[in-house]
$ cat model.cif   # mmCIF, C-alpha atoms (C1' of nucleotides)
data_coords
loop_
_atom_site.label_atom_id
_atom_site.label_comp_id
_atom_site.auth_asym_id
_atom_site.auth_seq_id
_atom_site.Cartn_x
_atom_site.Cartn_y
_atom_site.Cartn_z
CA MET A 4 -3.58 2.76 -10.51
CA PRO A 5 -5.36 5.30 -12.62
CA GLU A 6 -4.48 8.96 -12.66
CA LEU A 7 -6.03 11.68 -14.81
CA PRO A 8 -4.91 10.26 -18.19
CA GLU A 9 -6.15 6.75 -17.46
CA VAL A 10 -9.47 8.09 -16.14
CA GLU A 11 -9.88 10.33 -19.22
CA ILE A 12 -9.21 7.40 -21.56
CA THR A 13 -11.75 5.39 -19.62
CA ARG A 14 -14.28 8.22 -19.99
CA ARG A 15 -13.74 8.48 -23.73
CA GLN A 16 -14.14 4.75 -24.30
CA ILE A 17 -17.03 4.16 -21.90
CA SER A 18 -19.01 7.28 -22.75
CA PRO A 19 -20.41 5.92 -26.04
CA LYS A 20 -21.46 2.74 -24.22
CA MET A 21 -23.52 4.63 -21.63
CA VAL A 22 -24.67 8.03 -22.83
CA GLY A 23 -28.16 8.06 -24.30
CA ARG A 24 -28.89 4.57 -23.00
CA THR A 25 -31.44 3.63 -20.35
CA ILE A 26 -30.41 1.35 -17.51
CA ARG A 27 -32.48 -1.80 -17.28
CA SER A 28 -30.55 -3.89 -14.79
CA VAL A 29 -28.09 -3.19 -11.98
CA ARG A 30 -26.11 -6.04 -10.46
CA THR A 31 -23.84 -5.57 -7.45
CA THR A 32 -21.74 -7.48 -4.95
CA LYS A 33 -22.35 -7.35 -1.21
CA PRO A 34 -22.07 -4.11 0.76
CA SER A 35 -18.54 -2.86 1.39
CA TYR A 36 -16.98 0.57 1.70
CA PHE A 37 -16.63 0.45 -2.09
CA PHE A 38 -20.34 1.32 -2.10
CA LEU A 39 -20.75 4.78 -0.60
CA THR A 40 -24.36 4.30 -1.61
CA PRO A 41 -25.47 0.83 -0.48
CA PRO A 42 -25.88 -1.68 -3.33
CA ARG A 43 -29.61 -2.20 -2.89
CA GLU A 44 -30.28 1.54 -2.95
CA LEU A 45 -28.03 1.89 -5.99
CA GLU A 46 -30.08 -0.73 -7.80
CA ARG A 47 -33.29 1.10 -6.94
CA ARG A 48 -32.03 4.57 -7.86
CA LEU A 49 -30.42 3.64 -11.18
CA THR A 50 -32.92 1.26 -12.70
CA GLY A 51 -34.95 2.98 -15.41
CA ARG A 52 -32.68 6.05 -15.60
CA ARG A 53 -31.17 7.26 -18.85
CA VAL A 54 -27.55 8.43 -18.81
CA ASP A 55 -27.33 11.96 -20.20
CA SER A 56 -23.59 12.59 -19.95
CA LEU A 57 -20.33 11.26 -18.58
CA SER A 58 -17.77 13.83 -17.47
CA ARG A 59 -14.56 13.85 -15.49
CA HIS A 60 -13.02 16.08 -12.84
CA GLY A 61 -9.57 15.03 -11.72
CA LYS A 62 -9.77 11.29 -11.13
CA TYR A 63 -13.56 11.23 -10.70
CA LEU A 64 -16.08 10.20 -13.35
CA ILE A 65 -19.53 11.76 -13.03
CA ALA A 66 -22.59 10.48 -14.89
CA VAL A 67 -25.58 12.82 -15.03
CA LEU A 68 -28.90 10.97 -15.22
CA ASP A 69 -32.19 12.05 -16.78
CA ASP A 70 -33.75 12.93 -13.41
CA THR A 71 -30.78 15.29 -12.69
CA SER A 72 -29.35 12.89 -10.12
CA ARG A 73 -25.70 11.96 -10.53
CA LEU A 74 -23.60 8.85 -10.22
CA PHE A 75 -19.95 9.34 -9.42
CA LEU A 76 -17.20 6.79 -9.72
CA HIS A 77 -13.62 6.73 -8.53
CA LEU A 78 -11.31 3.97 -9.74
CA GLY A 79 -9.02 3.97 -6.70
CA MET A 80 -5.86 1.95 -7.26
CA THR A 81 -7.13 -1.04 -9.22
CA GLY A 82 -10.52 -0.01 -10.56
CA GLN A 83 -11.38 -0.49 -14.20
CA LEU A 84 -14.46 0.07 -16.32
CA PHE A 85 -15.04 -2.06 -19.37
CA THR A 86 -17.82 -3.61 -21.37
CA ALA A 87 -18.74 -7.25 -21.18
CA SER A 88 -17.83 -8.24 -24.70
CA ALA A 89 -14.50 -6.40 -24.83
CA ARG A 90 -13.37 -7.85 -21.54
CA SER A 91 -14.48 -11.36 -22.33
CA VAL A 92 -12.37 -11.31 -25.46
CA ARG A 93 -9.31 -10.25 -23.54
CA LEU A 94 -9.74 -12.64 -20.63
CA LEU A 95 -10.43 -15.64 -22.78
CA SER A 96 -7.76 -14.89 -25.30
CA THR A 97 -5.08 -14.35 -22.67
CA THR A 98 -5.97 -17.24 -20.39
CA ARG A 99 -6.85 -19.89 -22.91
CA GLY A 100 -5.57 -18.65 -26.23
CA GLY A 101 -7.04 -19.76 -29.51
CA ALA A 102 -9.97 -18.47 -31.48
CA LEU A 103 -13.11 -17.37 -29.73
CA THR A 104 -16.28 -19.22 -30.46
CA PRO A 105 -19.67 -17.70 -29.68
CA GLU A 106 -20.01 -20.34 -26.95
CA LYS A 107 -16.89 -19.10 -25.20
CA GLN A 108 -18.08 -15.51 -25.30
CA ASP A 109 -21.45 -16.47 -23.89
CA ALA A 110 -19.76 -18.42 -21.13
CA PHE A 111 -17.95 -15.35 -19.84
CA ALA A 112 -19.07 -14.15 -16.43
CA PRO A 113 -17.60 -11.23 -14.50
CA ASP A 114 -15.30 -12.48 -11.74
CA ILE A 115 -15.61 -11.94 -7.99
CA HIS A 116 -13.94 -8.54 -8.26
CA THR A 117 -16.63 -7.12 -10.54
CA HIS A 118 -18.74 -5.09 -8.13
CA LEU A 119 -21.13 -3.28 -10.43
CA ALA A 120 -22.71 -4.28 -13.72
CA LEU A 121 -25.10 -2.03 -15.63
CA GLY A 122 -27.32 -3.58 -18.29
CA PHE A 123 -29.22 -1.42 -20.79
CA GLU A 124 -32.68 -1.55 -22.31
CA ASP A 125 -31.39 -1.68 -25.87
CA GLU A 126 -29.42 -4.82 -24.95
CA SER A 127 -26.12 -3.21 -25.85
CA GLU A 128 -23.02 -4.35 -23.97
CA ASP A 129 -23.05 -4.24 -20.17
CA VAL A 130 -20.80 -1.69 -18.49
CA LEU A 131 -18.79 -3.36 -15.72
CA PHE A 132 -16.83 -1.88 -12.83
CA ARG A 133 -14.14 -4.25 -11.56
CA ASP A 134 -11.87 -3.39 -8.64
CA VAL A 135 -9.60 -5.94 -6.96
CA ARG A 136 -8.55 -3.86 -3.97
CA LYS A 137 -11.87 -2.04 -3.57
CA PHE A 138 -10.23 1.33 -3.01
CA GLY A 139 -12.57 2.56 -5.72
CA LYS A 140 -15.86 4.26 -4.90
CA VAL A 141 -19.33 4.56 -6.29
CA ARG A 142 -21.98 6.96 -5.06
CA TRP A 143 -25.39 8.13 -6.21
CA LEU A 144 -26.30 11.76 -5.55
CA PRO A 145 -29.84 13.17 -5.65
CA GLY A 146 -30.47 16.04 -8.06
CA GLY A 147 -28.92 19.23 -6.72
CA ALA A 148 -27.06 17.43 -3.93
CA SER A 149 -23.40 18.12 -3.34
CA ASP A 150 -20.67 15.84 -2.08
CA PRO A 151 -17.67 16.93 -0.04
CA ARG A 152 -15.34 14.66 -2.02
CA LEU A 153 -16.25 16.49 -5.21
CA ASP A 154 -16.63 19.93 -3.70
CA LYS A 155 -13.14 19.91 -2.19
CA LEU A 156 -11.38 19.21 -5.49
CA GLY A 157 -9.15 21.89 -6.91
CA PRO A 158 -9.26 22.77 -10.62
CA ASP A 159 -8.71 19.93 -13.05
CA ALA A 160 -4.99 19.39 -13.64
CA LEU A 161 -5.39 19.92 -17.41
CA THR A 162 -6.13 23.57 -16.61
CA VAL A 163 -3.38 24.17 -14.04
CA THR A 164 -1.56 27.49 -14.33
CA GLY A 165 1.69 28.85 -12.97
CA PRO A 166 0.03 31.53 -10.82
CA LEU A 167 -2.21 28.90 -9.25
CA LEU A 168 0.76 26.71 -8.33
CA PHE A 169 2.67 29.71 -7.07
CA ALA A 170 -0.21 30.80 -4.83
CA ALA A 171 -0.85 27.26 -3.56
CA THR A 172 2.76 26.74 -2.49
CA ARG A 173 3.30 30.00 -0.54
CA THR A 174 2.39 28.65 2.92
CA ARG A 175 3.60 25.09 2.48
CA LYS A 176 6.80 23.85 4.07
CA THR A 177 6.29 20.30 2.87
CA ALA A 178 7.90 18.71 -0.19
CA LEU A 179 6.72 20.16 -3.49
CA LYS A 180 5.62 16.73 -4.71
CA THR A 181 3.27 16.41 -1.73
CA VAL A 182 1.50 19.57 -2.89
CA LEU A 183 1.15 18.21 -6.43
CA LEU A 184 -0.54 15.11 -5.01
CA ASP A 185 -3.00 17.21 -2.99
CA GLN A 186 -6.27 16.95 -4.90
CA GLU A 187 -7.54 20.11 -3.21
CA VAL A 188 -4.80 22.06 -4.96
CA ILE A 189 -5.11 20.47 -8.40
CA ALA A 190 -7.19 17.42 -9.23
CA GLY A 191 -5.84 14.53 -11.25
CA VAL A 192 -2.08 14.29 -10.68
CA GLY A 193 -0.96 11.07 -8.97
CA ASN A 194 2.33 9.40 -8.21
CA ILE A 195 3.52 8.67 -11.75
CA TYR A 196 2.79 12.04 -13.31
CA ALA A 197 3.99 14.03 -10.30
CA ASP A 198 7.41 12.41 -10.67
CA GLU A 199 7.40 12.74 -14.46
CA ALA A 200 6.32 16.40 -14.46
CA LEU A 201 9.00 17.30 -11.88
CA PHE A 202 11.65 15.62 -14.00
CA ARG A 203 10.56 17.53 -17.08
CA ALA A 204 10.65 20.78 -15.11
CA LYS A 205 14.09 19.84 -13.68
CA ILE A 206 12.92 20.36 -10.09
CA ARG A 207 13.54 17.98 -7.19
CA PRO A 208 10.44 16.37 -5.67
CA SER A 209 11.80 17.10 -2.18
CA ARG A 210 12.12 20.82 -2.82
CA ILE A 211 10.35 22.81 -0.08
CA ALA A 212 7.15 23.94 -1.75
CA ARG A 213 7.21 27.56 -0.61
CA THR A 214 10.64 28.13 -2.21
CA LEU A 215 9.24 27.63 -5.70
CA THR A 216 9.75 30.77 -7.78
CA ARG A 217 7.18 32.31 -10.14
CA LYS A 218 9.24 31.22 -13.09
CA GLU A 219 9.46 27.65 -11.84
CA SER A 220 5.73 27.61 -11.11
CA ASN A 221 5.01 28.56 -14.70
CA LEU A 222 7.37 25.94 -16.06
CA LEU A 223 6.02 23.22 -13.77
CA ALA A 224 2.41 24.00 -14.68
CA ASP A 225 3.33 23.73 -18.36
CA GLU A 226 5.03 20.38 -17.81
CA ILE A 227 2.14 18.99 -15.78
CA ARG A 228 -0.31 19.74 -18.58
CA ALA A 229 2.11 18.47 -21.22
CA VAL A 230 2.80 15.14 -19.56
CA LEU A 231 -0.89 14.48 -18.93
CA LEU A 232 -1.85 15.33 -22.51
CA ARG A 233 0.94 13.18 -23.90
CA SER A 234 -0.12 10.25 -21.74
CA ILE A 235 -3.72 10.59 -22.93
CA GLU A 236 -2.46 10.58 -26.53
CA THR A 237 -0.55 7.36 -25.97
CA GLY A 238 -3.26 5.50 -24.08
CA GLY A 239 -2.03 5.94 -20.50
CA SER A 240 0.49 3.98 -18.44
CA SER A 241 0.20 0.19 -18.38
CA ILE A 242 2.85 -0.60 -15.79
CA SER A 243 1.49 -3.37 -13.61
CA ASP A 244 -2.15 -3.94 -14.42
CA TYR A 245 -3.83 -0.95 -16.05
CA VAL A 246 -5.41 -1.66 -19.41
CA GLN A 247 -7.76 0.50 -21.41
CA PRO A 248 -11.47 -0.35 -21.30
CA ASP A 249 -11.12 -2.03 -24.70
CA GLY A 250 -8.51 -4.38 -23.23
CA SER A 251 -5.46 -2.93 -24.96
CA ASP A 252 -2.34 -1.67 -23.20
CA GLY A 253 -1.46 1.99 -23.01
CA ALA A 254 2.01 3.04 -24.18
CA TYR A 255 3.03 5.91 -21.94
CA GLN A 256 5.09 3.56 -19.74
CA ASN A 257 7.53 3.47 -22.66
CA GLU A 258 8.01 7.24 -22.39
CA ARG A 259 8.54 7.35 -18.63
CA ARG A 260 11.76 9.08 -17.67
CA VAL A 261 11.95 8.43 -13.92
CA TYR A 262 8.93 6.60 -12.47
CA ALA A 263 9.89 3.05 -11.36
CA ARG A 264 13.33 3.48 -12.96
CA LYS A 265 15.38 3.29 -9.74
CA GLY A 266 19.00 2.38 -10.49
CA GLU A 267 18.60 2.86 -14.24
CA ALA A 268 20.45 5.51 -16.21
CA CYS A 269 18.87 8.94 -16.74
CA TYR A 270 18.15 9.33 -20.46
CA VAL A 271 19.52 12.87 -20.37
CA CYS A 272 22.74 12.59 -18.36
CA GLY A 273 23.29 8.91 -17.57
CA THR A 274 23.21 9.40 -13.80
CA LEU A 275 21.40 6.62 -11.95
CA ILE A 276 17.78 7.41 -11.03
CA LYS A 277 17.20 7.58 -7.27
CA ARG A 278 14.21 6.41 -5.28
CA ILE A 279 13.18 8.07 -2.02
CA VAL A 280 9.97 8.11 0.00
CA LEU A 281 7.93 11.31 0.35
CA ALA A 282 4.59 11.39 2.14
CA ALA A 283 4.71 7.60 2.18
CA ARG A 284 4.85 7.50 -1.62
CA SER A 285 7.63 6.08 -3.73
CA THR A 286 9.41 8.99 -5.44
CA HIS A 287 11.88 8.90 -8.33
CA TYR A 288 14.22 11.57 -9.68
CA CYS A 289 17.54 12.23 -11.34
CA PRO A 290 19.95 13.70 -8.77
CA LYS A 291 21.88 15.54 -11.44
CA CYS A 292 19.13 16.93 -13.69
CA GLN A 293 16.74 17.96 -10.90
CA LYS A 294 17.88 20.79 -8.62
"C1'" DC B 16 -4.08 25.13 10.06
"C1'" DG B 17 -0.20 22.07 8.15
"C1'" DT B 18 1.80 17.67 8.29
"C1'" DT B 19 2.48 12.81 9.01
"C1'" DA B 20 1.17 7.97 10.12
"C1'" DC B 21 -1.87 4.73 9.30
"C1'" DA B 22 -5.77 2.21 7.66
"C1'" DC B 23 -8.59 0.31 4.02
"C1'" DC B 24 -7.84 -4.58 0.55
"C1'" DT B 25 -5.90 -7.99 -2.63
"C1'" DG B 26 -2.29 -9.88 -5.29
"C1'" DA B 27 2.41 -10.23 -7.32
"C1'" DG B 28 7.09 -11.03 -6.78
"C1'" DG B 29 11.49 -11.81 -4.30
"C1'" DG B 30 14.29 -14.21 -0.76
"C1'" DC B 31 14.89 -18.28 1.86
"C1'" DT C 12 6.15 -25.76 -2.78
"C1'" DG C 13 5.33 -22.68 1.05
"C1'" DC C 14 6.11 -18.82 4.11
"C1'" DC C 15 7.11 -14.16 5.01
"C1'" DC C 16 8.23 -9.80 3.56
"C1'" DT C 17 7.68 -5.63 0.60
"C1'" DC C 18 5.46 -3.16 -2.80
"C1'" DA C 19 1.54 -1.20 -5.78
"C1'" DG C 20 -1.42 4.06 -10.14
"C1'" DG C 21 -5.43 6.53 -3.98
"C1'" DT C 22 -7.47 8.88 -0.27
"C1'" DG C 23 -9.94 9.66 4.38
"C1'" DT C 24 -9.06 10.19 9.17
"C1'" DA C 25 -6.80 10.51 13.56
"C1'" DA C 26 -3.20 12.50 16.02
"C1'" DC C 27 0.77 15.53 16.62
#
$ encode --input "model.cif" --output "structure tokens"
Amino acid sequence: MPELPEVEITRRQISPKMVGRTIRSVRTTKPSYFFLTPPRELERRLTGRRVDSLSRHGKYLIAVLDDTSRLFLHLGMTGQLFTASARSVRLLSTTRGGALTPEKQDAFAPDIHTHLALGFEDESEDVLFRDVRKFGKVRWLPGGASDPRLDKLGPDALTVTGPLLFAATRTRKTALKTVLLDQEVIAGVGNIYADEALFRAKIRPSRIARTLTRKESNLLADEIRAVLLRSIETGGSSISDYVQPDGSDGAYQNERRVYARKGEACYVCGTLIKRIVLAARSTHYCPKCQK
DNA sequence: CGTTACACCTGAGGGC
DNA sequence: TGCCCTCAGGTGTAAC
């Protein structure tokens, strides 16, 4: 579900709920591969720690704690962070309707898909991590420790440059889109924004990566940054189930030009948008606009 | 080394 | 209503 823009919006909204606060309680569900650090250890390591910062690299969120240890989170396909009160308002108002009474808010409990709940000493709102498919990840890292998942990441996609893309594509015979999705090349681009950036750059997703010219690399890098920044501005893409941590929908889905528009008319030329499969991912493009 | 196929998990929606 | 199929914003690993 979430790509760089959705993760960045999550960071901006959750940061004020965590940073500067000390964790008093940690509640978890049973062990699963969602927990790279086992739940009981997580509870032990986090309790009593103050959160000093919350940053993002690609699709990862990284909290630095006051003992220099770190907590990293990945939202996977269906992960979402939110606070107890904001979410309770949304759930209750959408499932039952009507005005919220204090009783209804108190009655809210995270559902079975809420795998991590952090409570704070100042009794501010709990921060909750819900993830239906459990493709998300949470891991605690001791101070100074590294993690291969983080170490392998390429530069954040908001900083991508033409020369970097040009260099990264020289030895690759695979489809250009596959390279954009490779988090070791650039971190943060996923299926939606790969398709959207390629449309804006007028390049076919199936183009053999190594045939990209310097000029095209520059243009594509510009469009990647532009589409990500625009999506952040508009609150991200709420296509099937992504909502912002405050419960509101993003609006970038309304500015999509190709993603999930198979069979619809291209806004530029009217040609019908095609859907193909590349690297086992649904891929959308305009056969006329993208060469 | 580069590339692809598949696995992980749950739920929604379409066809019958 | 139920069953079966496909699809979904991601990524690690095995196998070619």
$ resolve_selection --input "model.cif" --expression "the PyMOL selection byres ((chain C) within 9 of (chain A))" --output "JSON, numbers by chain"
{"C": [19, 20, 21, 22]}
$ interface_residues --input "model.cif" --of "chain A" --to "chain B" --cutoff "9 Å" --atoms "all atoms listed in the file" --output "mmCIF file with C-alpha atoms, keeping the file's coordinate frame"
data_model
loop_
_atom_site.group_PDB
_atom_site.id
_atom_site.type_symbol
_atom_site.label_atom_id
_atom_site.label_comp_id
_atom_site.auth_asym_id
_atom_site.auth_seq_id
_atom_site.Cartn_x
_atom_site.Cartn_y
_atom_site.Cartn_z
ATOM 1 C CA TYR A 36 -16.980 0.570 1.700
ATOM 2 C CA VAL A 135 -9.600 -5.940 -6.960
ATOM 3 C CA ARG A 136 -8.550 -3.860 -3.970
ATOM 4 C CA LYS A 137 -11.870 -2.040 -3.570
ATOM 5 C CA PHE A 138 -10.230 1.330 -3.010
ATOM 6 C CA THR A 174 2.390 28.650 2.920
ATOM 7 C CA ARG A 175 3.600 25.090 2.480
ATOM 8 C CA LYS A 176 6.800 23.850 4.070
ATOM 9 C CA THR A 177 6.290 20.300 2.870
ATOM 10 C CA ALA A 282 4.590 11.390 2.140
ATOM 11 C CA ALA A 283 4.710 7.600 2.180
#
$ atom_distance --input "model.cif" --atom1 "CA of Ile235 (chain A)" --atom2 "CA of Pro8 (chain A)"
4.9 Å
$ atom_distance --input "model.cif" --atom1 "CA of Ala263 (chain A)" --atom2 "C1' of DC15 (chain C)"
23.9 Å
$ atom_distance --input "model.cif" --atom1 "CA of Glu128 (chain A)" --atom2 "CA of Leu57 (chain A)"
16.7 Å
$ resolve_selection --input "model.cif" --expression "the PyMOL selection byres ((chain A and resi 212) around 6)" --output "list of chain:residue names"
A:Thr172, A:Arg175, A:Lys176, A:Thr177, A:Ala178, A:Leu179, A:Arg210, A:Ile211, A:Arg213, A:Thr214, A:Leu215
$ residues_near_point --input "model.cif" --point "(10.2, 8.4, -18.8)" --cutoff "10 Å" --atoms "all atoms listed in the file" --output "list of chain:residue names"
A:Ile195, A:Tyr196, A:Asp198, A:Glu199, A:Ala200, A:Phe202, A:Arg203, A:Tyr255, A:Gln256, A:Asn257, A:Glu258, A:Arg259, A:Arg260, A:Val261, A:Tyr262, A:Ala263, A:Arg264, A:Cys269, A:Tyr270
$ residues_around --input "model.cif" --residues "Glu124 (chain A)" --least-positions-apart "5" --cutoff "9 Å" --atoms "all atoms listed in the file" --output "NGL selection string"
:A and (24-28 or 51)
$ closest_residue --input "model.cif" --among "A:Leu153, A:Cys289, A:Ile279, A:Ile12" --to "Ser251 (chain A)" --atoms "all atoms listed in the file"
A:Ile12
$ resolve_selection --input "model.cif" --expression "the PyMOL selection byres ((chain A and resi 42-47) around 12)" --output "PyMOL selection string"
chain A and resi 26-41+48-52+72-75+118-122+140-145
$ build_atoms --input "model.cif" --residues "region 112-122 of chain A" --atoms "all heavy atoms" --output "short mmCIF file (atom, residue, chain, number, x, y, z; two decimals), in the coordinates of the input"
data_model
loop_
_atom_site.label_atom_id
_atom_site.label_comp_id
_atom_site.auth_asym_id
_atom_site.auth_seq_id
_atom_site.Cartn_x
_atom_site.Cartn_y
_atom_site.Cartn_z
N ALA A 112 -18.34 -14.79 -17.54
CA ALA A 112 -19.07 -14.15 -16.43
C ALA A 112 -18.07 -13.28 -15.70
O ALA A 112 -16.93 -13.68 -15.50
CB ALA A 112 -19.65 -15.21 -15.51
N PRO A 113 -18.50 -12.09 -15.27
CA PRO A 113 -17.60 -11.23 -14.50
C PRO A 113 -17.10 -11.98 -13.27
O PRO A 113 -17.84 -12.76 -12.67
CB PRO A 113 -18.51 -10.07 -14.09
CG PRO A 113 -19.58 -10.05 -15.12
CD PRO A 113 -19.79 -11.48 -15.50
N ASP A 114 -15.85 -11.76 -12.88
CA ASP A 114 -15.30 -12.48 -11.74
C ASP A 114 -15.72 -11.86 -10.41
O ASP A 114 -16.51 -10.91 -10.38
CB ASP A 114 -13.77 -12.57 -11.87
CG ASP A 114 -13.13 -11.20 -11.68
OD1 ASP A 114 -13.85 -10.22 -11.35
OD2 ASP A 114 -11.91 -11.11 -11.86
N ILE A 115 -15.19 -12.39 -9.32
CA ILE A 115 -15.61 -11.94 -7.99
C ILE A 115 -15.25 -10.50 -7.70
O ILE A 115 -15.75 -9.91 -6.76
CB ILE A 115 -15.01 -12.82 -6.87
CG1 ILE A 115 -13.48 -12.80 -6.95
CG2 ILE A 115 -15.54 -14.24 -6.95
CD1 ILE A 115 -12.82 -13.32 -5.71
N HIS A 116 -14.34 -9.93 -8.51
CA HIS A 116 -13.94 -8.54 -8.26
C HIS A 116 -14.77 -7.53 -9.05
O HIS A 116 -14.51 -6.34 -9.01
CB HIS A 116 -12.46 -8.36 -8.61
CG HIS A 116 -11.56 -9.23 -7.76
ND1 HIS A 116 -11.53 -9.15 -6.39
CD2 HIS A 116 -10.70 -10.21 -8.10
CE1 HIS A 116 -10.67 -10.04 -5.92
NE2 HIS A 116 -10.15 -10.70 -6.94
N THR A 117 -15.74 -8.02 -9.79
CA THR A 117 -16.63 -7.12 -10.54
C THR A 117 -17.80 -6.75 -9.64
O THR A 117 -18.66 -7.57 -9.35
CB THR A 117 -17.10 -7.81 -11.84
OG1 THR A 117 -15.95 -8.19 -12.58
CG2 THR A 117 -17.96 -6.86 -12.66
N HIS A 118 -17.80 -5.48 -9.17
CA HIS A 118 -18.74 -5.09 -8.13
C HIS A 118 -20.00 -4.42 -8.64
O HIS A 118 -20.95 -4.25 -7.90
CB HIS A 118 -18.04 -4.17 -7.13
CG HIS A 118 -16.88 -4.85 -6.46
ND1 HIS A 118 -17.03 -5.90 -5.60
CD2 HIS A 118 -15.54 -4.65 -6.58
CE1 HIS A 118 -15.84 -6.32 -5.18
NE2 HIS A 118 -14.92 -5.58 -5.76
N LEU A 119 -19.96 -3.97 -9.89
CA LEU A 119 -21.13 -3.28 -10.43
C LEU A 119 -21.26 -3.61 -11.91
O LEU A 119 -20.28 -3.54 -12.65
CB LEU A 119 -20.95 -1.76 -10.25
CG LEU A 119 -22.08 -0.86 -10.76
CD1 LEU A 119 -23.37 -1.08 -9.97
CD2 LEU A 119 -21.65 0.61 -10.67
N ALA A 120 -22.45 -3.99 -12.31
CA ALA A 120 -22.71 -4.28 -13.72
C ALA A 120 -24.01 -3.58 -14.12
O ALA A 120 -25.04 -3.79 -13.49
CB ALA A 120 -22.83 -5.79 -13.94
N LEU A 121 -23.92 -2.74 -15.13
CA LEU A 121 -25.10 -2.03 -15.63
C LEU A 121 -25.51 -2.64 -16.96
O LEU A 121 -24.71 -2.73 -17.89
CB LEU A 121 -24.78 -0.55 -15.85
CG LEU A 121 -24.30 0.25 -14.63
CD1 LEU A 121 -23.98 1.69 -15.04
CD2 LEU A 121 -25.35 0.22 -13.51
N GLY A 122 -26.77 -3.09 -17.03
CA GLY A 122 -27.32 -3.58 -18.29
C GLY A 122 -28.28 -2.53 -18.84
O GLY A 122 -28.88 -1.77 -18.08
#
